[in-house]
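These notes concern the structure reproduced below.
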Amino acid sequence: MISILAIESSCDDTCAAVCSDAKILSNVIANQEVHAKYGGVVPELASRAHMRNIVPVVDEALKRAQLSLNDMDAIAFTQAPGLLGSLLVGAQFAKSLSLVLNMPLIAVHHMQAHVLANLIGEKKPSFPFLCLTVSGGHTQIVKANSPLDLEILGETLDDAAGEAFDKSAKLLGLPYPGGPLIDKYAKEGDPLKFTFARPLPEGINFSFSGLKTSVMYFLRDAQKNDPEFLQMNMQDLCASIQYTIIEILIKKLIRASELTGIKEICIAGGVSANSGLRKAIEKTGKEKNWNIYIPDFQYCTDNAAMIAITAYYKFREGQFASLKDSPSARALW
Ligand code: KG4
Ligand code: ZN
């Protein structure tokens, strides 16, 4: 039995988890409320909050797993990508534990971990599978040949899907992060009421910056004629923006499945918590005969359970890090 303590601190959530082999024993997340009033994550405030949170979060993860530090076989941390100051807190903490406890260290790529969140739980995809990874910083379609052999087939050329949600939400006057609020209001709205730009670049790459610009000009013109427009149409606006983002994502996923012939389809990343996207994938899956896998809600947004499961597969392959392995804001796959 391999027990691993994993730490994730790439952005604004301080997370720790413990796994025993591929089973997650605990998954603790401390959200940072401090950023909401600034309309986005403030890197310096995020690192300071990680410094305050990391000890209690790790303690709680061990407590819930009913294990102690000495029961661990390795310490894992998110190496990249992310905010450098935030990554450094988790990396230095993990390195210190590894040094003091004389335990191996495992460095994990955040985006690989999002994909492998699909290997947590009972219902697992078989290899090869495709994963649509949609987060605040990334939008990718990945082909997983095995747990540690992942290929990026397509990705965004500009904004990520999460950014398209958050930036549109900001234009609607909603607080950060706007994705979950658009999801909430969209449930009551008409998705076909308004039409926005749907940029569809060649192949299976994505582009979302044109959508954001089209929302911006549309709102500017509509509010010129009617100052109440935003308040009166909030639900329909959210539903129409969400519908457009989902349509782009699904079109590219269908293309990727057709090109590869793969029908094992997963989603991952914060945006996979979106209820409209979940429904659309289920519906497309029925039409296309796909087997669909969607991680539990707690494993979609940033969490350390996904770091733990990835670290478990790295442990089995002997892929250990050294104290010299530094975190990096942008890491190559
Ligand atoms: O994966 P994640 O937690 O952090 C990153 O690695 O970026 O993703 C965060 C993103 C944010 O853009 C947030 O607005 C979006 O996921 N998000 C959602 C929902 N929940 C989180 N977007 C749409 N609908 C949701 N329910
Ligand atoms: Zn993430």
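Ordering of the structure tokens sets the chain letters (A, B, ...), residue numbers begin anew at 1 in every chain, and ligands are numbered from 1 in the order given.
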Practice prompt. Pull the helix (DSSP H, G or I) assignments for stretch 115-194 of chain A out of DSSP run on the backbone, and list those residues as a ChimeraX atom specification.
Written response: /A:115-119,161-171,179-186
Enumerate, in order of chain and increasing residue number, the residues of chain A with an atom no farther than 10 Å from ligand 1, each with its shortest atom pair and distance in Å to one decimal, counting only C-alpha atoms and all ligand atoms, as a tab-separated table.
```
residue	atom	partner	partner_atom_place_in_ligand_line	distance
A:Ser10	CA	ligand 1	6 (O)	7.6
A:Cys11	CA	ligand 1	5 (C)	7.0
A:Asp12	CA	ligand 1	4 (O)	8.3
A:Asp13	CA	ligand 1	3 (O)	8.2
A:Gly40	CA	ligand 1	12 (O)	9.9
A:Pro81	CA	ligand 1	6 (O)	8.7
A:Gly82	CA	ligand 1	6 (O)	7.7
A:His110	CA	ligand 1	6 (O)	7.5
A:Met111	CA	ligand 1	6 (O)	7.6
A:His114	CA	ligand 1	1 (O)	7.4
A:Thr133	CA	ligand 1	1 (O)	8.5
A:Val134	CA	ligand 1	1 (O)	7.0
A:Ser135	CA	ligand 1	8 (O)	3.9
A:Gly136	CA	ligand 1	7 (O)	3.2
A:Gly137	CA	ligand 1	7 (O)	4.6
A:His138	CA	ligand 1	7 (O)	6.8
A:Thr139	CA	ligand 1	7 (O)	9.6
A:Ala160	CA	ligand 1	12 (O)	8.0
A:Ala161	CA	ligand 1	12 (O)	7.2
A:Gly162	CA	ligand 1	12 (O)	3.4
A:Glu163	CA	ligand 1	12 (O)	5.2
A:Ala164	CA	ligand 1	12 (O)	7.7
A:Phe165	CA	ligand 1	14 (O)	6.0
A:Asp166	CA	ligand 1	14 (O)	5.3
A:Lys167	CA	ligand 1	12 (O)	8.8
A:Ala169	CA	ligand 1	14 (O)	8.9
A:Tyr176	CA	ligand 1	14 (O)	7.5
A:Pro177	CA	ligand 1	14 (O)	4.7
A:Gly178	CA	ligand 1	14 (O)	5.2
A:Gly179	CA	ligand 1	14 (O)	3.4
A:Pro180	CA	ligand 1	25 (C)	3.8
A:Leu181	CA	ligand 1	24 (N)	7.2
A:Ile182	CA	ligand 1	24 (N)	6.6
A:Asp183	CA	ligand 1	24 (N)	4.9
A:Lys184	CA	ligand 1	26 (N)	7.5
A:Ala186	CA	ligand 1	24 (N)	9.8
A:Gln242	CA	ligand 1	23 (C)	8.0
A:Ile245	CA	ligand 1	23 (C)	9.7
A:Ile246	CA	ligand 1	23 (C)	9.9
A:Ala268	CA	ligand 1	1 (O)	7.8
A:Gly269	CA	ligand 1	1 (O)	4.1
A:Gly270	CA	ligand 1	8 (O)	3.3
A:Val271	CA	ligand 1	22 (N)	4.0
A:Ser272	CA	ligand 1	19 (C)	6.9
A:Ala273	CA	ligand 1	26 (N)	4.6
A:Asn274	CA	ligand 1	26 (N)	3.5
A:Ser275	CA	ligand 1	26 (N)	6.2
A:Gly276	CA	ligand 1	24 (N)	8.0
A:Leu277	CA	ligand 1	24 (N)	8.1
A:Arg278	CA	ligand 1	26 (N)	9.7
A:Phe297	CA	ligand 1	20 (N)	9.2
A:Gln298	CA	ligand 1	3 (O)	9.8
A:Tyr299	CA	ligand 1	3 (O)	9.2
A:Cys300	CA	ligand 1	1 (O)	6.6
A:Thr301	CA	ligand 1	3 (O)	3.5
A:Asp302	CA	ligand 1	3 (O)	4.0
A:Asn303	CA	ligand 1	3 (O)	7.7
```
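The residue that comes closest to A:Leu174, out of A:Pro104, A:Met234, A:Ile204, A:Ser20 and on the basis of only C-alpha atoms, is A:Met234.
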Worksheet item: Could you name the residues that touch A:Lys252 at 12 Å or less, counting only C-alpha atoms, but leaving out those on the same chain fewer than 4 positions away, as a ChimeraX atom specification?
Response: /A:130-132,139-142,153-156,198-207,245-248,256-259,281
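When only C-alpha atoms and all ligand atoms are used to compute distances to ligand 2, the closest of the residues A:Asp158, A:Glu8, A:Asp73, A:Asp21 turns out to be A:Glu8.
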